[in-house]
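J.: Structure file coords-v3.cif (mmCIF, C-alpha atoms) right here:
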```
data_input
loop_
_atom_site.label_atom_id
_atom_site.label_comp_id
_atom_site.auth_asym_id
_atom_site.auth_seq_id
_atom_site.Cartn_x
_atom_site.Cartn_y
_atom_site.Cartn_z
CA MET A 1 44.32 -43.99 1.85
CA ARG A 2 44.60 -40.90 4.01
CA THR A 3 45.03 -38.69 0.99
CA LEU A 4 41.90 -40.15 -0.59
CA LEU A 5 39.89 -39.64 2.59
CA ASN A 6 41.24 -36.13 2.79
CA LEU A 7 40.21 -35.37 -0.78
CA LEU A 8 36.76 -36.81 -0.21
CA LEU A 9 36.37 -34.71 2.89
CA ILE A 10 37.45 -31.55 1.06
CA PHE A 11 35.09 -32.28 -1.79
CA GLY A 12 32.18 -33.14 0.50
CA LEU A 13 32.60 -30.02 2.60
CA ALA A 14 32.93 -27.82 -0.49
CA LEU A 15 29.78 -29.37 -1.96
CA VAL A 16 27.75 -28.73 1.17
CA LEU A 17 29.07 -25.19 1.56
CA GLY A 18 28.80 -24.26 -2.12
CA LEU A 19 25.33 -25.68 -2.73
CA GLY A 20 24.03 -24.67 0.69
CA SER A 21 25.04 -21.05 0.27
CA ALA A 22 23.72 -20.98 -3.30
CA TRP A 23 20.40 -22.49 -2.21
CA TYR A 24 20.05 -20.03 0.65
CA MET A 25 20.81 -16.97 -1.45
CA ILE A 26 18.38 -18.10 -4.16
CA GLU A 27 15.54 -19.20 -1.86
CA GLU A 28 15.79 -16.59 0.86
CA GLY A 29 17.53 -13.74 -0.84
CA SER A 30 20.45 -11.77 0.51
CA ALA A 31 21.49 -8.18 0.93
CA LEU A 32 22.78 -8.30 -2.65
CA THR A 33 19.38 -8.91 -4.21
CA THR A 34 16.69 -8.35 -1.64
CA ARG A 35 15.48 -5.44 0.44
CA TYR A 36 14.12 -6.13 3.89
CA VAL A 37 11.62 -3.66 5.31
CA GLY A 38 10.27 -4.82 8.66
CA PRO A 39 8.76 -8.24 7.98
CA TRP A 40 8.62 -7.63 4.23
CA SER A 41 11.19 -8.64 1.69
CA VAL A 42 11.30 -7.63 -1.94
CA TRP A 43 13.44 -8.89 -4.82
CA ARG A 44 14.09 -5.51 -6.29
CA GLU A 45 15.34 -6.62 -9.69
CA ALA A 46 13.08 -9.64 -10.26
CA GLY A 47 12.04 -9.87 -13.90
CA LYS A 48 14.46 -7.24 -15.14
CA PRO A 49 16.40 -8.25 -18.25
CA ASP A 50 19.63 -6.94 -16.70
CA ALA A 51 19.10 -8.60 -13.31
CA ASP A 52 22.00 -10.16 -11.42
CA PRO A 53 22.62 -13.94 -11.58
CA TYR A 54 21.05 -14.57 -8.15
CA THR A 55 17.83 -12.84 -9.13
CA LYS A 56 17.78 -14.75 -12.42
CA ALA A 57 18.29 -18.03 -10.58
CA TYR A 58 15.51 -17.11 -8.15
CA MET A 59 13.19 -16.30 -11.05
CA ALA A 60 13.85 -19.66 -12.67
CA ARG A 61 13.15 -21.53 -9.43
CA ALA A 62 10.17 -19.45 -8.44
CA GLY A 63 8.39 -19.96 -11.77
CA ARG A 64 6.76 -16.56 -11.47
CA LEU A 65 6.32 -13.86 -14.10
CA PRO A 66 6.53 -10.63 -12.14
CA ILE A 67 5.74 -7.45 -13.97
CA THR A 68 8.54 -4.97 -13.53
CA ALA A 69 8.61 -2.71 -16.52
CA THR A 70 5.82 -0.52 -15.17
CA SER A 71 6.64 0.18 -11.59
CA ALA A 72 5.17 -2.87 -9.86
CA LEU A 73 6.65 -4.44 -6.75
CA TYR A 74 5.93 -7.68 -4.89
CA PHE A 75 6.53 -7.84 -1.16
CA PHE A 76 6.69 -11.13 0.75
CA ALA A 77 6.28 -11.69 4.48
CA SER A 78 6.68 -14.96 6.38
CA SER A 79 7.10 -13.40 9.80
CA ASP A 80 5.55 -10.71 11.98
CA GLU A 81 7.10 -7.43 13.12
CA THR A 82 9.20 -9.18 15.75
CA GLY A 83 10.60 -11.69 13.28
CA LYS A 84 8.53 -14.60 14.59
CA GLN A 85 7.32 -16.93 11.85
CA LEU A 86 3.68 -16.44 10.80
CA SER A 87 1.63 -19.37 12.07
CA SER A 88 -1.99 -20.42 11.61
CA ASP A 89 -2.13 -20.89 15.37
CA CYS A 90 -1.93 -17.14 15.85
CA GLU A 91 -4.08 -14.19 14.99
CA TYR A 92 -2.51 -11.14 13.34
CA VAL A 93 -3.47 -7.59 12.61
CA VAL A 94 -2.13 -6.15 9.37
CA GLU A 95 -2.43 -2.41 9.54
CA GLY A 96 -1.33 0.36 7.26
CA ARG A 97 -1.99 3.42 5.26
CA PRO A 98 -2.95 2.93 1.66
CA LEU A 99 0.08 2.35 -0.54
CA ASN A 100 0.68 5.02 -3.08
CA ALA A 101 -0.18 2.66 -5.88
CA ALA A 102 -2.81 2.53 -8.59
CA TRP A 103 -3.75 -0.89 -7.23
CA TRP A 104 -2.52 -3.19 -4.49
CA SER A 105 -3.56 -6.56 -3.16
CA LEU A 106 -2.65 -8.41 0.03
CA ALA A 107 -3.08 -12.18 -0.31
CA ALA A 108 -2.55 -15.00 2.19
CA TYR A 109 -0.95 -18.32 1.23
CA ASP A 110 0.09 -21.33 3.25
CA GLY A 111 3.76 -22.09 3.79
CA THR A 112 3.99 -23.91 0.44
CA GLY A 113 2.45 -21.03 -1.52
CA ARG A 114 -1.07 -22.47 -1.90
CA LEU A 115 -4.16 -20.39 -1.36
CA ILE A 116 -6.02 -21.40 1.78
CA PRO A 117 -9.45 -23.02 1.37
CA ASN A 118 -12.18 -21.29 3.39
CA LYS A 119 -15.96 -21.03 3.34
CA ALA A 120 -15.90 -17.30 2.77
CA GLY A 121 -13.93 -17.80 -0.47
CA ARG A 122 -11.72 -14.94 0.68
CA HIS A 123 -8.03 -15.08 -0.18
CA SER A 124 -7.06 -11.44 -0.37
CA PHE A 125 -7.99 -7.85 0.18
CA ASN A 126 -7.17 -5.21 -2.38
CA ARG A 127 -7.36 -1.51 -2.83
CA THR A 128 -10.86 -1.71 -4.22
CA ASP A 129 -12.50 -4.15 -1.79
CA VAL A 130 -10.85 -3.48 1.58
CA ALA A 131 -12.95 -1.52 4.07
CA ARG A 132 -11.04 1.62 4.97
CA ARG A 133 -11.29 4.12 7.78
CA ALA A 134 -12.13 7.75 7.09
CA ASP A 135 -8.43 8.67 6.91
CA GLY A 136 -7.78 5.96 4.35
CA SER A 137 -5.93 3.59 6.64
CA PHE A 138 -6.98 -0.04 6.83
CA ARG A 139 -6.90 -2.93 9.30
CA ILE A 140 -7.00 -6.55 8.16
CA VAL A 141 -7.31 -9.41 10.65
CA LEU A 142 -5.61 -12.66 9.71
CA ALA A 143 -7.34 -15.36 11.75
CA ARG A 144 -8.72 -18.87 11.55
CA SER A 145 -12.31 -17.97 12.38
CA ALA A 146 -14.47 -15.05 11.31
CA ARG A 147 -13.69 -11.58 12.66
CA PRO A 148 -15.59 -8.35 12.16
CA GLY A 149 -14.21 -6.01 9.54
CA ASN A 150 -11.62 -7.15 7.03
CA TRP A 151 -11.22 -10.82 7.89
CA LEU A 152 -8.56 -12.70 5.95
CA PRO A 153 -8.96 -16.41 6.79
CA SER A 154 -5.81 -18.32 7.76
CA ALA A 155 -5.24 -22.06 7.65
CA GLN A 156 -6.09 -24.75 10.20
CA GLN A 157 -2.41 -25.40 10.75
CA GLY A 158 1.05 -24.65 9.47
CA SER A 159 2.97 -21.56 8.53
CA LEU A 160 1.68 -18.66 6.45
CA LYS A 161 3.00 -16.35 3.78
CA LEU A 162 1.63 -12.95 2.86
CA VAL A 163 2.17 -11.40 -0.56
CA LEU A 164 1.53 -7.73 -1.12
CA ARG A 165 1.57 -6.78 -4.77
CA ALA A 166 1.46 -3.17 -5.85
CA TYR A 167 0.87 -2.09 -9.44
CA GLY A 168 1.55 1.41 -10.63
CA LEU A 169 3.59 2.59 -7.67
CA ARG A 170 4.04 6.30 -8.00
CA ASP A 171 4.60 9.24 -5.75
CA ALA A 172 3.00 12.67 -6.04
CA ASP A 173 5.33 13.67 -8.86
CA ASN A 174 4.39 10.55 -10.77
CA VAL A 175 7.86 9.16 -10.23
CA PHE A 176 8.40 5.52 -9.37
CA ASP A 177 10.07 5.75 -5.98
CA LYS A 178 10.88 2.31 -4.60
CA ALA A 179 12.17 3.63 -1.32
CA ALA A 180 8.98 5.58 -0.61
CA ALA A 181 6.87 2.52 -1.39
CA GLU A 182 8.96 0.45 0.97
CA ARG A 183 8.57 2.96 3.80
CA GLY A 184 4.80 2.84 3.47
CA LEU A 185 4.37 -0.90 3.97
CA PRO A 186 1.78 -2.14 6.48
CA THR A 187 2.76 -3.61 9.83
CA ILE A 188 2.04 -7.22 10.86
CA ARG A 189 1.34 -7.58 14.57
CA GLU A 190 0.60 -10.77 16.48
CA VAL A 191 -2.51 -10.48 18.67
CA VAL A 192 -2.96 -13.85 20.28
CA CYS A 193 -1.82 -17.46 19.81
CA ARG A 194 -3.80 -20.60 20.58
CA MET B 1 49.41 -26.72 10.40
CA ARG B 2 50.23 -25.87 6.81
CA THR B 3 48.19 -28.84 5.61
CA VAL B 4 45.14 -27.63 7.54
CA ALA B 5 45.42 -24.17 6.02
CA PHE B 6 45.90 -25.67 2.59
CA ASN B 7 42.88 -27.94 3.01
CA ALA B 8 40.71 -25.06 4.24
CA LEU B 9 41.72 -23.00 1.24
CA ALA B 10 40.91 -25.91 -1.07
CA VAL B 11 37.46 -26.25 0.50
CA ILE B 12 36.74 -22.53 0.13
CA LEU B 13 37.90 -22.33 -3.47
CA LEU B 14 36.02 -25.46 -4.48
CA ALA B 15 32.91 -24.30 -2.60
CA ALA B 16 33.04 -20.94 -4.37
CA PHE B 17 33.32 -22.69 -7.72
CA ILE B 18 30.36 -24.97 -6.94
CA HIS B 19 28.34 -21.99 -5.66
CA ILE B 20 28.92 -19.96 -8.82
CA THR B 21 28.21 -22.93 -11.09
CA ALA B 22 24.96 -23.70 -9.26
CA VAL B 23 23.72 -20.10 -9.42
CA LEU B 24 24.63 -19.58 -13.08
CA SER B 25 23.17 -22.89 -14.24
CA MET B 26 19.87 -22.53 -12.36
CA PRO B 27 18.03 -20.68 -15.17
CA TYR B 28 18.84 -23.58 -17.50
CA LEU B 29 18.18 -26.39 -15.05
CA ALA B 30 15.04 -25.36 -13.17
CA PRO B 31 12.43 -27.69 -14.66
CA LYS B 32 9.31 -25.83 -13.56
CA ASN B 33 9.96 -22.28 -14.58
CA ALA B 34 7.11 -20.18 -15.92
CA TRP B 35 7.95 -20.98 -19.55
CA ALA B 36 7.65 -24.73 -18.93
CA ARG B 37 4.36 -24.32 -17.11
CA ILE B 38 2.83 -22.14 -19.81
CA SER B 39 4.18 -24.26 -22.67
CA ALA B 40 2.35 -27.21 -21.17
CA LEU B 41 -0.99 -25.41 -21.51
CA SER B 42 -1.33 -25.02 -25.25
CA ASP B 43 0.27 -24.64 -28.65
CA ALA B 44 2.08 -21.45 -29.49
CA ASN B 45 0.24 -18.36 -30.75
CA ARG B 46 -2.98 -18.98 -28.89
CA MET B 47 -4.60 -16.90 -26.20
CA ILE B 48 -5.31 -18.85 -23.05
CA VAL B 49 -7.29 -17.44 -20.13
CA LEU B 50 -5.69 -18.93 -17.05
CA PRO B 51 -8.11 -20.49 -14.58
CA ALA B 52 -8.60 -18.25 -11.56
CA ALA B 53 -6.12 -19.10 -8.80
CA SER B 54 -7.80 -21.30 -6.20
CA PRO B 55 -6.68 -23.48 -3.27
CA SER B 56 -6.63 -26.51 -5.57
CA HIS B 57 -5.04 -24.95 -8.64
CA GLN B 58 -2.54 -22.28 -9.58
CA THR B 59 -1.00 -22.30 -13.04
CA LEU B 60 1.94 -20.24 -11.81
CA PRO B 61 3.15 -20.12 -8.21
CA LEU B 62 1.82 -17.33 -5.99
CA MET B 63 -0.74 -16.10 -8.49
CA ALA B 64 -3.00 -13.34 -7.24
CA PRO B 65 -6.49 -14.58 -6.32
CA ASP B 66 -7.93 -11.22 -7.32
CA VAL B 67 -6.26 -10.82 -10.70
CA ARG B 68 -7.38 -12.62 -13.86
CA TYR B 69 -4.67 -13.50 -16.35
CA SER B 70 -4.58 -14.48 -19.99
CA VAL B 71 -1.40 -15.54 -21.74
CA CYS B 72 -0.16 -15.95 -25.28
CA ARG B 73 2.97 -17.96 -25.80
CA PHE B 74 4.24 -16.55 -29.06
CA ASN B 75 6.52 -18.09 -31.63
CA LEU B 76 7.75 -15.81 -34.39
CA ASP B 77 9.52 -18.42 -36.53
CA ASP B 78 6.90 -18.02 -39.28
CA GLY B 79 6.58 -14.27 -38.97
CA PRO B 80 4.88 -11.75 -36.70
CA VAL B 81 2.02 -12.61 -34.40
CA ARG B 82 -1.06 -10.49 -33.77
CA LEU B 83 -2.51 -10.02 -30.33
CA SER B 84 -5.97 -8.48 -29.98
CA THR B 85 -7.58 -7.81 -26.66
CA GLN B 86 -9.88 -5.57 -24.76
CA ILE B 87 -8.47 -3.49 -21.95
CA LEU B 88 -11.37 -2.50 -19.72
CA ASP B 89 -9.55 -0.50 -17.10
CA ASP B 90 -6.52 1.69 -16.51
CA LEU B 91 -5.20 -0.96 -14.15
CA TRP B 92 -5.03 -3.69 -16.76
CA SER B 93 -1.65 -4.33 -18.28
CA ILE B 94 0.08 -6.31 -20.99
CA ALA B 95 3.59 -7.54 -20.23
CA PHE B 96 6.03 -9.36 -22.48
CA TYR B 97 8.57 -11.89 -21.27
CA THR B 98 11.49 -13.88 -22.59
CA PRO B 99 11.39 -17.64 -21.87
CA SER B 100 13.52 -17.05 -18.78
CA GLY B 101 10.95 -14.61 -17.39
CA GLU B 102 12.60 -11.31 -18.23
CA ASN B 103 9.95 -8.63 -18.57
CA PHE B 104 11.29 -6.69 -21.55
CA TYR B 105 8.20 -4.60 -22.20
CA ALA B 106 4.94 -3.71 -20.50
CA ILE B 107 2.15 -1.26 -21.07
CA THR B 108 -0.81 -0.40 -18.87
CA GLY B 109 -4.37 0.57 -19.66
CA ARG B 110 -3.58 3.99 -18.30
CA GLU B 111 -0.95 4.50 -20.99
CA LEU B 112 -3.08 2.92 -23.74
CA LYS B 113 -6.10 5.14 -23.07
CA ARG B 114 -8.43 2.97 -25.14
CA SER B 115 -10.22 -0.31 -24.74
CA LYS B 116 -9.54 -2.16 -27.96
CA ILE B 117 -5.91 -3.09 -28.42
CA GLU B 118 -4.15 -4.52 -31.45
CA ILE B 119 -0.54 -5.49 -31.03
CA ILE B 120 1.85 -6.93 -33.60
CA ILE B 121 4.62 -8.91 -31.96
CA SER B 122 7.65 -9.17 -34.17
CA THR B 123 11.38 -9.27 -34.17
CA GLN B 124 13.07 -6.19 -35.54
CA ASN B 125 13.86 -7.68 -38.94
CA GLN B 126 10.27 -8.89 -39.47
CA VAL B 127 8.43 -5.59 -39.43
CA GLY B 128 11.09 -2.98 -39.89
CA VAL B 129 9.81 0.44 -38.98
CA LYS B 130 10.40 1.64 -42.54
CA ALA B 131 9.02 -1.38 -44.34
CA GLY B 132 6.02 -1.74 -42.09
CA ALA B 133 5.09 1.87 -41.58
CA SER B 134 2.84 2.33 -44.59
CA LEU B 135 1.01 -0.91 -43.97
CA LEU B 136 0.68 -0.25 -40.30
CA ASP B 137 -0.69 3.22 -40.88
CA GLU B 138 -3.81 1.65 -42.30
CA ILE B 139 -4.74 0.21 -38.98
CA GLU B 140 -5.45 2.81 -36.44
CA ASP B 141 -3.60 2.66 -33.15
CA LEU B 142 -1.71 -0.49 -33.93
CA ILE B 143 1.14 -1.15 -31.54
CA VAL B 144 4.25 -2.92 -32.75
CA VAL B 145 6.25 -4.66 -30.07
CA ASP B 146 9.78 -5.53 -31.12
CA THR B 147 10.98 -8.50 -29.19
CA PRO B 148 14.55 -9.55 -28.57
CA VAL B 149 13.43 -13.21 -28.73
CA ARG B 150 11.58 -15.39 -31.23
CA ASN B 151 9.79 -17.24 -28.44
CA GLY B 152 8.21 -15.53 -25.49
CA ILE B 153 5.13 -14.95 -23.42
CA ALA B 154 2.63 -12.10 -23.37
CA VAL B 155 0.62 -11.81 -20.15
CA ILE B 156 -2.52 -9.72 -19.82
CA ARG B 157 -3.30 -8.87 -16.21
CA ALA B 158 -6.76 -7.79 -15.17
CA PRO B 159 -7.01 -6.87 -11.48
CA LEU B 160 -10.56 -7.36 -10.20
CA LEU B 161 -12.11 -4.14 -8.99
CA GLY B 162 -14.27 -6.29 -6.68
CA PRO B 163 -15.46 -9.89 -6.47
CA SER B 164 -18.53 -9.08 -8.59
CA TYR B 165 -16.32 -8.13 -11.53
CA ALA B 166 -14.92 -11.64 -12.03
CA ALA B 167 -17.38 -12.86 -14.69
CA GLN B 168 -17.21 -9.65 -16.71
CA THR B 169 -13.42 -9.59 -16.56
CA GLU B 170 -13.03 -13.22 -17.58
CA ALA B 171 -15.46 -12.75 -20.47
CA ALA B 172 -13.45 -9.78 -21.75
CA LEU B 173 -10.23 -11.76 -21.56
CA ARG B 174 -11.81 -14.68 -23.40
CA ARG B 175 -12.60 -12.40 -26.34
CA GLY B 176 -8.88 -11.75 -26.77
CA THR B 177 -7.02 -13.55 -29.54
CA CYS B 178 -3.46 -14.30 -30.47
CA SER B 179 -2.81 -15.55 -33.98
CA ARG B 180 -0.81 -15.49 -37.16
CA ASN B 181 -3.68 -13.73 -39.00
CA LEU B 182 -2.22 -10.33 -39.53
CA PRO B 183 -4.34 -7.30 -40.25
CA GLY B 184 -4.26 -5.59 -43.63
CA SER B 185 -2.14 -7.11 -46.34
CA ASP B 186 0.27 -9.89 -45.76
CA PHE B 187 3.57 -8.48 -44.60
CA ARG B 188 5.31 -11.70 -43.91
CA ARG B 189 9.04 -11.03 -44.17
#
```
Hey, can you dump this file as C-alpha cells for me?
T.:
Amino acid sequence: MRTLLNLLLIFGLALVLGLGSAWYMIEEGSALTTRYVGPWSVWREAGKPDADPYTKAYMARAGRLPITATSALYFFASSDETGKQLSSDCEYVVEGRPLNAAWWSLAAYDGTGRLIPNKAGRHSFNRTDVARRADGSFRIVLARSARPGNWLPSAQQGSLKLVLRAYGLRDADNVFDKAAAERGLPTIREVVCR
Amino acid sequence: MRTVAFNALAVILLAAFIHITAVLSMPYLAPKNAWARISALSDANRMIVLPAASPSHQTLPLMAPDVRYSVCRFNLDDGPVRLSTQILDDLWSIAFYTPSGENFYAITGRELKRSKIEIIISTQNQVGVKAGASLLDEIEDLIVVDTPVRNGIAVIRAPLLGPSYAAQTEAALRRGTCSRNLPGSDFRR
C-alpha cells in the first residue's frame, strides 16, 4: 500500500512539474527562446523552419502566422516599464523614436487577445497614421477616455496586451539587425490609476 | 534518506520525460493552429480575403487591425497552383507557410518592384527548372515558388497606409486569385 501511494505521489509530482514547466515555457517564453527588452518580449525564431521545439510548440498553440523570412519582428508587452501588469484601470504613455522599419504598428488588445471595442474605432497606431513630433518621436496615450493627440482606447476593465509589429526592419546599411531594433523599442510608462 | 533521494530523482527524471513529450507533441496536438483555422474557411486553392480584424472577430489570433490579409491554402496533389495578385505598395508582402506555420519563403513589394504578380506554387519535381523554363519564359515576370510541402498557406499582407485606404486595399486583394488554371500550355507533371 505504501509503495503504491509512493508511486502515485512520484507520478503526480512529475506530472505537475513536467507539464507545468512545459506550459510556462511555451506560454510565457524563456531565455532559450525569447528576448526581453524592458517590457517587451519577442520570440526571436517564431515561424522559422529551423526553430527550436519550444518555439514550434508556441507557434502551434498561438495559431499565428508570423512573417519571418523578410526581417519582421513582433514584440509583445503585458506590463509597463516597472514590470507592473498593464491594466485598463490605468493610463499609460507609450513613447519612442520611430523604429527603423519600413512599417510598424502598435495595437492594443485585451488580456485574451481580443481587440477592444470603442466608439473611435481605433485599435492601433502605425507608422503612417501616428502624429509625430518634429524630431520624429511619437507619444501615444493608452487610456479609457479620449485624450488629445494619439489616443489609443483601452478597455473598461481587465488586463491589456500591446503588440508592436515591425515589417522590413533594417539599419542604415540595409542589414537586418535584431539587436538594434530591440534597443529602439518605445517605453511604456504608467501615468495614473483609477 | 536514500529512499528520499531516490524518489526525488525519480520525480525529476519522470518530469523531464513528461516535459519533453509535451513540448514535442504540441505541434501535432494543438487543435486550433493556424492551419486548422484557415482550412475551416474554404476549399483548397482558393483566394480568401480575411475579414478585417475587429473586436468581435479575428480569423487568426492577434491579427493586426491595420493590415488586410488574403490567404490561399494550396494543395499541390494535382499539380502546381497559380497565384495572381496585385501588390499596390512596397510594404505589401507574400509569405508562404507549411501547415505547422513555418515561413519558408516571403517576398515584399519592395523586392518585386511591380504591381501585378503571377506566382506558380509547385514542388520541385512538378516544375523542374529545366523542364519548365521554356514554358515559363513565355510569361513575363513569372515567379516560381518551390515548396517543401504539398499543402501549405500563402498569405498576402497589405498594411494600411491610413484608415482611408481600407476599401481600396480590400478591393485590390479581392481581385487576387488562386487556382489550378495555369498560364500558357498545360505543364502538369
J.: Using all atoms listed in the file for the distances, tell me which of A:Glu95, A:Asp80, A:Asp52, A:Glu28 is nearest to chain B.
T.: A:Asp52
J.: Return the padded bounding box of range 23-33 of chain A as JSON: axis-aligned, built from all atoms listed in the file, 5 Å added on each side, with centre and edge lengths in Å to one decimal.
T.:
```
{"center_x": 19.2, "center_y": -15.3, "center_z": -1.6, "size_x": 17.2, "size_y": 24.3, "size_z": 15.1}
```
J.: Using Å and a single decimal, report how far CA of Gly79 in chain B sits from CA of Ile119 in chain B.
T.: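 Interatomic distance, CA of Ile119 in chain B to CA of Gly79 in chain B: 13.8 Å.
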J.: Carefully work through the PyMOL selection byres ((chain A) within 8 of (chain B)) for this structure and note down the residues it includes, as a PDB file with C-alpha atoms, keeping the file's coordinate frame.
T.:
```pdb
ATOM      1  CA  ILE A  10      37.450 -31.550   1.060  1.00  0.00           C
ATOM      2  CA  PHE A  11      35.090 -32.280  -1.790  1.00  0.00           C
ATOM      3  CA  LEU A  13      32.600 -30.020   2.600  1.00  0.00           C
ATOM      4  CA  ALA A  14      32.930 -27.820  -0.490  1.00  0.00           C
ATOM      5  CA  LEU A  15      29.780 -29.370  -1.960  1.00  0.00           C
ATOM      6  CA  VAL A  16      27.750 -28.730   1.170  1.00  0.00           C
ATOM      7  CA  LEU A  17      29.070 -25.190   1.560  1.00  0.00           C
ATOM      8  CA  GLY A  18      28.800 -24.260  -2.120  1.00  0.00           C
ATOM      9  CA  LEU A  19      25.330 -25.680  -2.730  1.00  0.00           C
ATOM     10  CA  SER A  21      25.040 -21.050   0.270  1.00  0.00           C
ATOM     11  CA  ALA A  22      23.720 -20.980  -3.300  1.00  0.00           C
ATOM     12  CA  ILE A  26      18.380 -18.100  -4.160  1.00  0.00           C
ATOM     13  CA  GLY A  47      12.040  -9.870 -13.900  1.00  0.00           C
ATOM     14  CA  LYS A  48      14.460  -7.240 -15.140  1.00  0.00           C
ATOM     15  CA  PRO A  49      16.400  -8.250 -18.250  1.00  0.00           C
ATOM     16  CA  PRO A  53      22.620 -13.940 -11.580  1.00  0.00           C
ATOM     17  CA  TYR A  54      21.050 -14.570  -8.150  1.00  0.00           C
ATOM     18  CA  LYS A  56      17.780 -14.750 -12.420  1.00  0.00           C
ATOM     19  CA  ALA A  57      18.290 -18.030 -10.580  1.00  0.00           C
ATOM     20  CA  MET A  59      13.190 -16.300 -11.050  1.00  0.00           C
ATOM     21  CA  ALA A  60      13.850 -19.660 -12.670  1.00  0.00           C
ATOM     22  CA  ARG A  61      13.150 -21.530  -9.430  1.00  0.00           C
ATOM     23  CA  ALA A  62      10.170 -19.450  -8.440  1.00  0.00           C
ATOM     24  CA  GLY A  63       8.390 -19.960 -11.770  1.00  0.00           C
ATOM     25  CA  ARG A  64       6.760 -16.560 -11.470  1.00  0.00           C
ATOM     26  CA  LEU A  65       6.320 -13.860 -14.100  1.00  0.00           C
ATOM     27  CA  PRO A  66       6.530 -10.630 -12.140  1.00  0.00           C
ATOM     28  CA  ILE A  67       5.740  -7.450 -13.970  1.00  0.00           C
ATOM     29  CA  THR A  68       8.540  -4.970 -13.530  1.00  0.00           C
ATOM     30  CA  ALA A  69       8.610  -2.710 -16.520  1.00  0.00           C
ATOM     31  CA  THR A  70       5.820  -0.520 -15.170  1.00  0.00           C
ATOM     32  CA  ALA A 102      -2.810   2.530  -8.590  1.00  0.00           C
ATOM     33  CA  TRP A 103      -3.750  -0.890  -7.230  1.00  0.00           C
ATOM     34  CA  SER A 105      -3.560  -6.560  -3.160  1.00  0.00           C
ATOM     35  CA  ALA A 107      -3.080 -12.180  -0.310  1.00  0.00           C
ATOM     36  CA  TYR A 109      -0.950 -18.320   1.230  1.00  0.00           C
ATOM     37  CA  GLY A 113       2.450 -21.030  -1.520  1.00  0.00           C
ATOM     38  CA  ARG A 114      -1.070 -22.470  -1.900  1.00  0.00           C
ATOM     39  CA  LEU A 115      -4.160 -20.390  -1.360  1.00  0.00           C
ATOM     40  CA  ILE A 116      -6.020 -21.400   1.780  1.00  0.00           C
ATOM     41  CA  PRO A 117      -9.450 -23.020   1.370  1.00  0.00           C
ATOM     42  CA  HIS A 123      -8.030 -15.080  -0.180  1.00  0.00           C
ATOM     43  CA  SER A 124      -7.060 -11.440  -0.370  1.00  0.00           C
ATOM     44  CA  ASN A 126      -7.170  -5.210  -2.380  1.00  0.00           C
ATOM     45  CA  THR A 128     -10.860  -1.710  -4.220  1.00  0.00           C
ATOM     46  CA  ASP A 129     -12.500  -4.150  -1.790  1.00  0.00           C
ATOM     47  CA  TYR A 167       0.870  -2.090  -9.440  1.00  0.00           C
ATOM     48  CA  GLY A 168       1.550   1.410 -10.630  1.00  0.00           C
TER      49      GLY A 168
END
```
J.: Please evaluate the PyMOL selection byres ((chain A and resi 93) around 7) against the structure above and give the resulting residues as a count of residues only.
T.: 11
J.: Between CA of Thr112 in chain A and CA of Ile38 in chain B, what distance in Å does the model show, to one decimal?
T.: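 It comes out at 20.4 Å.
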J.: Here is a test: counting only C-alpha atoms, which residue of A:Ala146, A:Ala155, A:Val37, A:Val130 is nearest to Ser79 in chain A?
T.: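 When distances to Ser79 in chain A are compared using only C-alpha atoms, the smallest one comes from A:Val37.
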J.: Give me the residues near Pro80 in chain B as an MDAnalysis selection string, where near means some atom within 7 Å (using all atoms listed in the file) and where sequence neighbours in that chain fewer than 2 positions away do not count.
T.: chainID B and resid 76 82 120:122 126 180
J.: Go through the shown structure with the PyMOL selection byres ((chain A and resi 137) around 7) and write out the matching residues as an MDAnalysis selection string.
T.: chainID A and resid 96:98 132:133 135:136 138
J.: Emit the selected residues as a PDB file, keeping the file's coordinate frame, including C-alpha atoms.
T.:
```
ATOM      1  CA  GLY A  96      -1.330   0.360   7.260  1.00  0.00           C
ATOM      2  CA  ARG A  97      -1.990   3.420   5.260  1.00  0.00           C
ATOM      3  CA  PRO A  98      -2.950   2.930   1.660  1.00  0.00           C
ATOM      4  CA  ARG A 132     -11.040   1.620   4.970  1.00  0.00           C
ATOM      5  CA  ARG A 133     -11.290   4.120   7.780  1.00  0.00           C
ATOM      6  CA  ASP A 135      -8.430   8.670   6.910  1.00  0.00           C
ATOM      7  CA  GLY A 136      -7.780   5.960   4.350  1.00  0.00           C
ATOM      8  CA  PHE A 138      -6.980  -0.040   6.830  1.00  0.00           C
TER       9      PHE A 138
END
```
J.: What does the structure give for the distance between CA of Thr123 in chain B and CA of Met47 in chain B, in Å to one decimal?
T.: 19.4 Å
J.: Might you pull out every residue within 6 Å of Glu118 in chain B, with only C-alpha atoms counted and same-chain residues fewer than 4 positions away left off, and present them as a PDB file with C-alpha atoms, in the coordinates of the input?
T.:
```pdb
ATOM      1  CA  LEU B  83      -2.510 -10.020 -30.330  1.00  0.00           C
ATOM      2  CA  SER B  84      -5.970  -8.480 -29.980  1.00  0.00           C
ATOM      3  CA  LEU B 142      -1.710  -0.490 -33.930  1.00  0.00           C
TER       4      LEU B 142
END
```
J.: Give as a PyMOL selection string the set of residues within 7 Å of the point (-7.6, -2.3, -22.3), where distances use the file's coordinates and only C-alpha atoms.
T.: chain B and resi 86-89+92+109+114-117
J.: Can I get the selected residues back with C-alpha atoms, as a short mmCIF file (atom, residue, chain, number, x, y, z; two decimals), in the coordinates of the input?
T.:
```
data_model
loop_
_atom_site.label_atom_id
_atom_site.label_comp_id
_atom_site.auth_asym_id
_atom_site.auth_seq_id
_atom_site.Cartn_x
_atom_site.Cartn_y
_atom_site.Cartn_z
CA GLN B 86 -9.88 -5.57 -24.76
CA ILE B 87 -8.47 -3.49 -21.95
CA LEU B 88 -11.37 -2.50 -19.72
CA ASP B 89 -9.55 -0.50 -17.10
CA TRP B 92 -5.03 -3.69 -16.76
CA GLY B 109 -4.37 0.57 -19.66
CA ARG B 114 -8.43 2.97 -25.14
CA SER B 115 -10.22 -0.31 -24.74
CA LYS B 116 -9.54 -2.16 -27.96
CA ILE B 117 -5.91 -3.09 -28.42
#
```
J.: Show me as a list in words the residues that reach within 6 Å of (4.9, -18.5, -28.2), counting only C-alpha atoms and using the file's own coordinates.
T.: Ala44, Asn45, Arg73, Phe74, Asn75, Asn151, Gly152 and Ile153 of chain B
J.: Excluding Ile48 in chain B and any residue of its chain fewer than 3 positions from it, enumerate the residues within 10 Å of it, using only C-alpha atoms, and give them as a VMD selection string.
T.: chain B and resid 38 41 to 43 45 51 69 to 73 155 173 to 174 176 to 178
